[in-house]
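For reference, protein-v2.tsv (TSV, C-alpha atoms):
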```
chain	number	residue	atom	x	y	z
O	12	MET	CA	37.94	-99.28	-41.55
O	13	ALA	CA	35.05	-97.07	-42.73
O	14	LYS	CA	35.45	-93.34	-42.33
O	15	VAL	CA	33.39	-91.85	-39.52
O	16	THR	CA	30.90	-89.32	-40.84
O	17	ARG	CA	28.82	-86.54	-39.36
O	18	ASP	CA	25.76	-88.79	-39.72
O	19	ASP	CA	27.46	-91.37	-37.49
O	20	VAL	CA	28.04	-88.71	-34.83
O	21	ALA	CA	24.41	-87.54	-35.06
O	22	ARG	CA	23.08	-91.09	-34.60
O	23	ARG	CA	25.34	-91.76	-31.62
O	24	ALA	CA	24.39	-88.44	-29.98
O	25	GLY	CA	20.70	-88.86	-30.78
O	26	THR	CA	20.43	-85.59	-32.64
O	27	SER	CA	20.46	-84.18	-36.18
O	28	THR	CA	23.46	-83.60	-38.43
O	29	ALA	CA	22.61	-79.88	-38.37
O	30	VAL	CA	23.08	-79.77	-34.60
O	31	VAL	CA	26.39	-81.62	-34.96
O	32	SER	CA	27.42	-78.96	-37.48
O	33	TYR	CA	26.45	-76.16	-35.07
O	34	VAL	CA	28.63	-77.73	-32.36
O	35	ILE	CA	31.62	-78.26	-34.65
O	36	ASN	CA	31.42	-74.75	-36.13
O	37	ASN	CA	30.36	-73.07	-32.88
O	38	GLY	CA	27.25	-71.72	-34.61
O	39	PRO	CA	25.45	-70.17	-36.36
O	40	ARG	CA	22.69	-71.37	-34.02
O	41	PRO	CA	23.02	-72.03	-30.26
O	42	VAL	CA	23.01	-75.58	-28.90
O	43	ALA	CA	21.79	-76.55	-25.44
O	44	PRO	CA	24.69	-77.41	-23.09
O	45	ALA	CA	23.49	-81.00	-22.50
O	46	THR	CA	23.14	-81.61	-26.25
O	47	ARG	CA	26.55	-80.11	-26.91
O	48	GLU	CA	28.10	-82.45	-24.34
O	49	ARG	CA	26.45	-85.49	-26.02
O	50	VAL	CA	27.77	-84.42	-29.42
O	51	LEU	CA	31.29	-83.81	-28.12
O	52	ALA	CA	31.25	-87.19	-26.35
O	53	ALA	CA	30.14	-88.91	-29.57
O	54	ILE	CA	32.89	-87.14	-31.55
O	55	LYS	CA	35.51	-88.32	-29.06
O	56	GLU	CA	34.15	-91.87	-28.85
O	57	LEU	CA	33.95	-92.34	-32.61
O	58	GLY	CA	37.17	-90.48	-33.37
O	59	TYR	CA	35.43	-88.17	-35.83
O	60	ARG	CA	37.61	-85.63	-37.68
O	61	PRO	CA	35.83	-82.86	-39.62
O	62	ASP	CA	36.66	-82.60	-43.32
O	63	ARG	CA	37.96	-79.05	-43.40
O	64	VAL	CA	38.27	-79.02	-47.20
O	65	ALA	CA	34.63	-79.98	-47.61
O	66	GLN	CA	33.61	-77.39	-45.04
O	67	ALA	CA	35.54	-74.70	-46.87
O	68	MET	CA	33.97	-75.66	-50.21
O	69	ALA	CA	30.48	-75.57	-48.70
O	70	SER	CA	30.94	-72.25	-46.89
O	71	ARG	CA	33.32	-70.71	-49.45
O	72	ARG	CA	35.52	-69.79	-46.46
O	73	THR	CA	38.41	-71.56	-44.77
O	74	ASP	CA	39.61	-71.45	-41.17
O	75	LEU	CA	42.64	-69.50	-42.38
O	76	ILE	CA	43.58	-65.85	-41.97
O	77	GLY	CA	46.11	-64.45	-44.41
O	78	LEU	CA	48.76	-62.09	-43.02
O	79	ILE	CA	51.06	-60.11	-45.31
O	80	VAL	CA	54.05	-58.31	-43.76
O	81	PRO	CA	56.96	-56.44	-45.37
O	82	ASP	CA	59.70	-58.58	-43.79
O	83	ALA	CA	59.13	-61.16	-41.05
O	84	ARG	CA	62.89	-61.23	-40.36
O	85	GLN	CA	62.61	-57.81	-38.73
O	86	PRO	CA	61.84	-58.18	-35.01
O	87	PHE	CA	58.87	-55.79	-35.05
O	88	PHE	CA	57.06	-57.67	-37.81
O	89	ALA	CA	58.00	-61.05	-36.31
O	90	GLU	CA	56.52	-60.04	-32.95
O	91	MET	CA	53.42	-58.58	-34.63
O	92	ALA	CA	52.92	-61.78	-36.64
O	93	HIS	CA	53.21	-63.86	-33.47
O	94	ALA	CA	50.62	-61.68	-31.73
O	95	VAL	CA	48.24	-62.08	-34.69
O	96	GLU	CA	48.75	-65.86	-34.66
O	97	GLN	CA	47.92	-66.03	-30.96
O	98	ALA	CA	44.80	-63.89	-31.38
O	99	ALA	CA	43.67	-65.97	-34.36
O	100	SER	CA	44.19	-69.20	-32.41
O	101	GLU	CA	41.85	-67.89	-29.72
O	102	ARG	CA	39.21	-67.58	-32.45
O	103	GLY	CA	39.86	-71.07	-33.81
O	104	LYS	CA	41.74	-69.85	-36.88
O	105	MET	CA	45.18	-70.49	-38.33
O	106	VAL	CA	47.44	-67.90	-39.98
O	107	LEU	CA	49.29	-68.02	-43.30
O	108	VAL	CA	52.15	-65.49	-43.54
O	109	GLY	CA	53.57	-63.96	-46.70
O	110	ASN	CA	56.48	-61.51	-46.99
O	111	SER	CA	56.13	-58.67	-49.49
O	112	ASP	CA	59.81	-57.74	-49.17
O	113	TYR	CA	58.75	-54.09	-49.60
O	114	ALA	CA	57.78	-54.80	-53.24
O	115	ASP	CA	54.42	-54.01	-54.86
O	116	ALA	CA	54.53	-57.11	-57.06
O	117	ARG	CA	55.05	-59.49	-54.14
O	118	GLU	CA	52.35	-57.79	-52.07
O	119	VAL	CA	49.87	-58.21	-54.92
O	120	HIS	CA	51.04	-61.82	-55.42
O	121	TYR	CA	50.14	-62.72	-51.84
O	122	LEU	CA	46.88	-60.77	-52.00
O	123	ARG	CA	45.81	-62.84	-55.00
O	124	ALA	CA	47.08	-66.10	-53.55
O	125	PHE	CA	45.44	-65.72	-50.12
O	126	LEU	CA	42.16	-64.30	-51.40
O	127	GLY	CA	42.05	-67.06	-54.03
O	128	MET	CA	42.32	-69.60	-51.21
O	129	ARG	CA	39.12	-68.14	-49.72
O	130	VAL	CA	40.73	-67.18	-46.42
O	131	ALA	CA	38.31	-66.17	-43.68
O	132	GLY	CA	39.94	-62.76	-43.74
O	133	LEU	CA	43.17	-60.99	-44.58
O	134	ILE	CA	45.33	-58.71	-42.42
O	135	LEU	CA	47.66	-56.51	-44.44
O	136	VAL	CA	50.74	-54.81	-43.03
O	137	SER	CA	51.28	-52.94	-46.26
O	138	GLN	CA	54.73	-52.17	-47.61
O	139	GLY	CA	53.55	-48.84	-48.94
O	140	PRO	CA	51.06	-47.05	-51.18
O	141	SER	CA	50.06	-49.22	-54.11
O	142	GLU	CA	47.33	-48.47	-56.61
O	143	THR	CA	47.67	-52.03	-57.89
O	144	ALA	CA	47.07	-53.51	-54.43
O	145	ALA	CA	44.09	-51.20	-53.92
O	146	ALA	CA	42.58	-52.33	-57.23
O	147	GLU	CA	43.19	-55.98	-56.33
O	148	ILE	CA	41.43	-55.55	-52.97
O	149	ASP	CA	38.45	-53.84	-54.64
O	150	ALA	CA	38.12	-56.75	-57.08
O	151	TRP	CA	37.47	-59.29	-54.30
O	152	ASP	CA	34.57	-59.64	-51.91
O	153	ALA	CA	36.95	-60.02	-49.01
O	154	ARG	CA	37.36	-59.09	-45.37
O	155	ILE	CA	40.54	-57.05	-45.17
O	156	VAL	CA	41.97	-55.09	-42.25
O	157	LEU	CA	45.08	-52.92	-42.43
O	158	LEU	CA	47.48	-53.19	-39.51
O	159	HIS	CA	50.28	-50.78	-38.49
O	160	ARG	CA	50.00	-48.76	-41.70
O	161	ARG	CA	47.18	-47.29	-43.79
O	162	PRO	CA	48.40	-46.29	-47.28
O	163	SER	CA	46.21	-43.57	-48.77
O	164	PRO	CA	45.10	-45.56	-51.85
O	165	ILE	CA	43.61	-48.34	-49.68
O	166	ASP	CA	40.46	-47.20	-47.89
O	167	ASP	CA	39.86	-50.14	-45.53
O	168	VAL	CA	39.45	-50.57	-41.80
O	169	ALA	CA	42.79	-50.04	-40.06
O	170	VAL	CA	44.43	-50.59	-36.66
O	171	VAL	CA	47.42	-48.29	-36.09
O	172	THR	CA	49.60	-46.64	-33.44
O	173	ASP	CA	49.79	-42.94	-32.56
O	174	ASP	CA	53.15	-42.65	-34.30
O	175	VAL	CA	53.25	-38.84	-34.29
O	176	GLY	CA	52.62	-38.65	-30.55
O	177	GLY	CA	55.14	-41.38	-29.84
O	178	ALA	CA	57.94	-39.64	-31.74
O	179	GLN	CA	57.12	-36.39	-29.94
O	180	LEU	CA	57.48	-38.16	-26.59
O	181	ALA	CA	60.89	-39.57	-27.50
O	182	THR	CA	62.23	-36.30	-28.94
O	183	ARG	CA	61.03	-34.21	-25.98
O	184	HIS	CA	62.61	-36.68	-23.59
O	185	LEU	CA	66.02	-36.46	-25.27
O	186	LEU	CA	65.81	-32.66	-25.22
O	187	GLU	CA	64.90	-32.73	-21.52
O	188	HIS	CA	68.23	-34.49	-20.91
O	189	GLY	CA	69.96	-31.34	-22.11
O	190	ALA	CA	70.72	-32.23	-25.73
O	191	PRO	CA	71.21	-28.99	-27.72
O	192	TYR	CA	69.18	-30.61	-30.51
O	193	VAL	CA	67.94	-34.04	-31.65
O	194	ALA	CA	68.57	-35.48	-35.10
O	195	CYS	CA	66.24	-38.01	-36.71
O	196	LEU	CA	67.07	-41.24	-38.54
O	197	GLY	CA	64.18	-41.81	-40.94
O	198	GLY	CA	63.69	-44.34	-43.72
O	199	THR	CA	65.03	-44.60	-47.24
O	200	GLU	CA	62.70	-41.92	-48.60
O	201	GLN	CA	63.38	-38.25	-47.92
O	202	THR	CA	59.61	-37.59	-47.90
O	203	PRO	CA	57.73	-40.79	-46.97
O	204	ALA	CA	54.21	-41.22	-48.30
O	205	GLU	CA	51.04	-40.42	-46.39
O	206	GLY	CA	50.01	-43.24	-44.08
O	207	ASP	CA	53.60	-44.42	-43.57
O	208	PRO	CA	54.45	-44.75	-39.84
O	209	VAL	CA	57.95	-43.42	-40.53
O	210	SER	CA	56.40	-40.29	-42.04
O	211	ASP	CA	54.52	-39.85	-38.77
O	212	HIS	CA	57.69	-40.47	-36.74
O	213	ILE	CA	59.42	-37.70	-38.67
O	214	GLU	CA	56.41	-35.41	-38.21
O	215	GLY	CA	56.42	-36.05	-34.45
O	216	TRP	CA	60.14	-35.29	-34.28
O	217	ARG	CA	59.63	-32.06	-36.25
O	218	ARG	CA	56.79	-30.94	-33.98
O	219	ALA	CA	58.84	-31.52	-30.83
O	220	MET	CA	61.82	-29.67	-32.29
O	221	THR	CA	59.62	-26.76	-33.39
O	222	GLU	CA	58.03	-26.60	-29.94
O	223	ALA	CA	61.55	-26.23	-28.51
O	224	GLY	CA	62.38	-23.47	-31.01
O	225	LEU	CA	64.99	-25.63	-32.79
O	226	PRO	CA	65.53	-25.97	-36.56
O	227	THR	CA	65.26	-29.36	-38.29
O	228	GLU	CA	66.94	-28.51	-41.58
O	229	GLY	CA	69.93	-30.76	-42.24
O	230	ARG	CA	69.14	-32.92	-39.21
O	231	LEU	CA	67.05	-35.64	-40.89
O	232	PHE	CA	69.08	-38.60	-42.15
O	233	GLN	CA	68.09	-41.57	-44.29
O	234	SER	CA	68.64	-45.24	-43.53
O	235	PRO	CA	67.14	-48.64	-44.39
O	236	TYR	CA	65.07	-50.03	-41.53
O	237	ASN	CA	67.25	-53.02	-40.66
O	238	ARG	CA	70.10	-52.93	-38.15
O	239	TYR	CA	72.79	-54.07	-40.57
O	240	ASP	CA	72.39	-51.17	-43.02
O	241	ALA	CA	71.70	-48.75	-40.16
O	242	TYR	CA	75.04	-49.80	-38.66
O	243	LYS	CA	76.79	-48.81	-41.90
O	244	VAL	CA	74.93	-45.50	-41.96
O	245	GLY	CA	75.89	-44.98	-38.32
O	246	LEU	CA	79.59	-45.52	-38.98
O	247	GLU	CA	79.57	-42.70	-41.51
O	248	LEU	CA	77.25	-40.39	-39.60
O	249	LEU	CA	78.92	-40.72	-36.21
O	250	ALA	CA	82.47	-40.49	-37.57
O	251	GLY	CA	81.73	-37.21	-39.36
O	252	PRO	CA	82.42	-33.69	-38.07
O	253	ASP	CA	78.72	-32.96	-37.49
O	254	ARG	CA	77.93	-35.89	-35.24
O	255	PRO	CA	74.55	-35.23	-33.55
O	256	PRO	CA	74.38	-35.12	-29.75
O	257	ALA	CA	71.12	-37.09	-29.74
O	258	LEU	CA	69.34	-39.28	-32.27
O	259	VAL	CA	65.77	-40.55	-32.44
O	260	CYS	CA	65.42	-43.52	-34.80
O	261	ALA	CA	62.35	-44.57	-36.77
O	262	THR	CA	62.74	-48.20	-35.64
O	263	ASP	CA	64.43	-50.11	-32.84
O	264	ASP	CA	66.30	-52.15	-35.43
O	265	GLN	CA	67.92	-48.97	-36.74
O	266	ALA	CA	68.76	-47.89	-33.18
O	267	ILE	CA	70.42	-51.25	-32.50
O	268	GLY	CA	72.61	-50.71	-35.57
O	269	ILE	CA	73.47	-47.20	-34.35
O	270	LEU	CA	74.45	-48.51	-30.91
O	271	ARG	CA	76.80	-51.03	-32.53
O	272	ALA	CA	78.39	-48.32	-34.68
O	273	ALA	CA	78.84	-46.06	-31.64
O	274	ARG	CA	80.49	-48.84	-29.68
O	275	GLU	CA	82.87	-49.58	-32.56
O	276	LEU	CA	83.79	-45.89	-32.81
O	277	ARG	CA	84.26	-45.70	-29.02
O	278	ILE	CA	81.50	-43.12	-28.66
O	279	ASP	CA	79.94	-43.24	-25.21
O	280	VAL	CA	76.17	-43.77	-25.15
O	281	PRO	CA	74.51	-41.86	-23.57
O	282	GLY	CA	77.40	-39.60	-22.45
O	283	GLU	CA	78.34	-38.41	-25.96
O	284	LEU	CA	75.31	-39.62	-27.89
O	285	ALA	CA	71.77	-40.15	-26.58
O	286	VAL	CA	69.67	-42.62	-28.58
O	287	ALA	CA	65.97	-43.53	-28.71
O	288	GLY	CA	64.18	-46.04	-30.90
O	289	PHE	CA	60.62	-46.89	-31.83
O	290	ASP	CA	58.63	-50.18	-31.47
O	291	ASP	CA	59.97	-51.65	-28.18
O	292	VAL	CA	60.97	-55.00	-29.62
O	293	LYS	CA	62.03	-57.49	-26.93
O	294	GLU	CA	65.70	-57.16	-27.85
O	295	ALA	CA	65.63	-53.44	-26.97
O	296	ALA	CA	65.91	-54.30	-23.28
O	297	LEU	CA	69.07	-56.36	-23.92
O	298	THR	CA	71.17	-53.89	-25.90
O	299	ASP	CA	74.22	-52.20	-24.38
O	300	PRO	CA	73.10	-49.83	-23.02
O	301	PRO	CA	69.42	-50.85	-22.87
O	302	LEU	CA	67.44	-48.87	-25.44
O	303	THR	CA	64.93	-46.16	-24.60
O	304	THR	CA	62.07	-46.56	-27.06
O	305	VAL	CA	58.40	-46.00	-27.86
O	306	ALA	CA	55.92	-48.82	-27.36
O	307	SER	CA	52.32	-49.58	-28.24
O	308	ASP	CA	50.11	-52.48	-27.22
O	309	ARG	CA	50.85	-54.94	-30.04
O	310	THR	CA	48.82	-57.70	-28.37
O	311	ALA	CA	45.71	-55.53	-28.21
O	312	MET	CA	46.27	-54.28	-31.77
O	313	ALA	CA	46.62	-57.82	-33.11
O	314	ARG	CA	43.49	-58.96	-31.28
O	315	ALA	CA	41.55	-55.95	-32.61
O	316	ALA	CA	42.70	-56.69	-36.17
O	317	VAL	CA	41.64	-60.34	-35.90
O	318	ASP	CA	38.27	-59.38	-34.39
O	319	LEU	CA	37.68	-56.81	-37.12
O	320	VAL	CA	38.58	-59.16	-39.94
O	321	LEU	CA	36.29	-61.92	-38.64
O	322	ASP	CA	33.29	-59.94	-37.38
O	323	ASP	CA	31.23	-58.27	-40.09
O	324	ALA	CA	29.31	-56.25	-37.50
O	325	LEU	CA	32.53	-54.46	-36.53
O	326	ARG	CA	33.37	-53.59	-40.13
O	327	VAL	CA	30.26	-51.57	-41.01
O	328	THR	CA	30.59	-49.06	-43.79
O	329	SER	CA	31.30	-45.68	-42.25
O	330	PRO	CA	33.36	-42.54	-42.91
O	331	ARG	CA	37.09	-43.19	-43.23
O	332	ARG	CA	37.95	-41.41	-39.97
O	333	GLU	CA	35.57	-43.70	-38.03
O	334	ARG	CA	37.16	-46.83	-39.47
O	335	LEU	CA	40.58	-46.03	-38.04
O	336	LYS	CA	41.40	-47.52	-34.63
O	337	VAL	CA	44.37	-45.71	-33.09
O	338	TYR	CA	46.26	-47.11	-30.10
O	339	PRO	CA	48.28	-44.74	-27.90
O	340	SER	CA	52.06	-44.75	-27.70
O	341	ARG	CA	54.06	-44.73	-24.47
O	342	LEU	CA	57.69	-43.99	-23.72
O	343	VAL	CA	59.75	-46.87	-22.31
O	344	VAL	CA	62.71	-45.29	-20.51
O	345	ARG	CA	66.01	-47.19	-20.30
O	346	ARG	CA	69.66	-46.06	-20.22
O	347	SER	CA	70.44	-45.08	-23.83
O	348	CYS	CA	68.78	-41.69	-23.30
O	349	GLY	CA	70.74	-40.83	-20.17
O	350	CYS	CA	68.32	-42.08	-17.51
O	351	HIS	CA	69.65	-44.37	-14.81
```
As structure tokens, please, write out the structure in this file.
Amino acid sequence: MAKVTRDDVARRAGTSTAVVSYVINNGPRPVAPATRERVLAAIKELGYRPDRVAQAMASRRTDLIGLIVPDARQPFFAEMAHAVEQAASERGKMVLVGNSDYADAREVHYLRAFLGMRVAGLILVSQGPSETAAAEIDAWDARIVLLHRRPSPIDDVAVVTDDVGGAQLATRHLLEHGAPYVACLGGTEQTPAEGDPVSDHIEGWRRAMTEAGLPTEGRLFQSPYNRYDAYKVGLELLAGPDRPPALVCATDDQAIGILRAARELRIDVPGELAVAGFDDVKEAALTDPPLTTVASDRTAMARAAVDLVLDDALRVTSPRRERLKVYPSRLVVRRSCGCH
């Protein structure tokens, strides 16, 4: 059976192949509603399927959006990736996901692979500052939007959360419950790089402690971001003689590991240890006790990133500060802080 072509659709609909193309691609020119209906009816009747490969070769763009995340196994990045996929689907695009595993080489590998595939755009949740990644981005004529994190070497449009303000909210709240001080569980670096959300979490914690007239020296601890390693860190930290009375964690995954360690050591949360996380992953509401945390509107952030990466008009060249879209943080109060 002969393959149905765009010409066949045009003849059946009584219009030109260009109009058929405008209907299929939803532009670039408008089509009268009655004509659009005739074209869609002809497509359905003939069983026409567009040749996406040929379309991509002609336009030098595919219907794909590349998304690079540090680790899709972590709940925050998994939920962010799902939100991006939903937003892309609303725009008629599909998403390819690559995991950098917090490694420069893998991040650059996926940058080259996705950009080489002529994706319609690329959303990068960067694993950290990388001069190599910045050079790779500059070498391509590509639509790239940073999400969640904006490393200083990469000067592209970015969609981020007010991480400093969010950490201040969480720290102040724990202090308001009567904690003599609040310790902070940061990342694996003692001094995270500029543009790192964890750096901003630590800065927010420091500001809140300073506002309360409390010292921070010796009260910042390091931990990997996942719950399994945070659990091991928690066993050592909470079993020591200087166990903190309250702890704000850089991620919910870390906080979940801390809650498990506290339970194993028979430390009452929140009676003996108040805990707050950051990200408000879905599992935070199901921990024991339910986790107080900081949330942002991931759905809105994902939609903004997809819109920015697809719409050239939204990505006009402008000063760096005007190309940064910041979404507010809000405190989600549950029982791990001491609230009932």
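Here atom CA of O:Ala146 and atom CA of O:Val171 stand 22.1 Å from one another.
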Quick check, in Å to one decimal: how far apart do atom CA of O:Thr304 and atom CA of O:Gly288 lie?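 These atoms are spaced 4.4 Å apart.
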List the spatial neighbours of O:Ala194 as JSON, numbers by chain - criterion: any atom at most 9 Å away, only C-alpha atoms, same-chain residues fewer than 4 positions off excluded. {"O": [182, 216, 227, 229, 230, 231, 232, 255, 256, 257, 258, 259, 260]}
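Among O:Val20, O:Ala272, O:Thr73, O:Arg217, the residue with the shortest atom-to-atom distance to O:Lys243, counting only C-alpha atoms, is O:Ala272.
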Counting all atoms listed in the file, select every polymer residue within 9 Å of (38.7, -59.8, -44.5) as defined in the file's coordinates, and provide the selection as a ChimeraX atom specification. /O:76-77,126,130-134,152-156,319-323
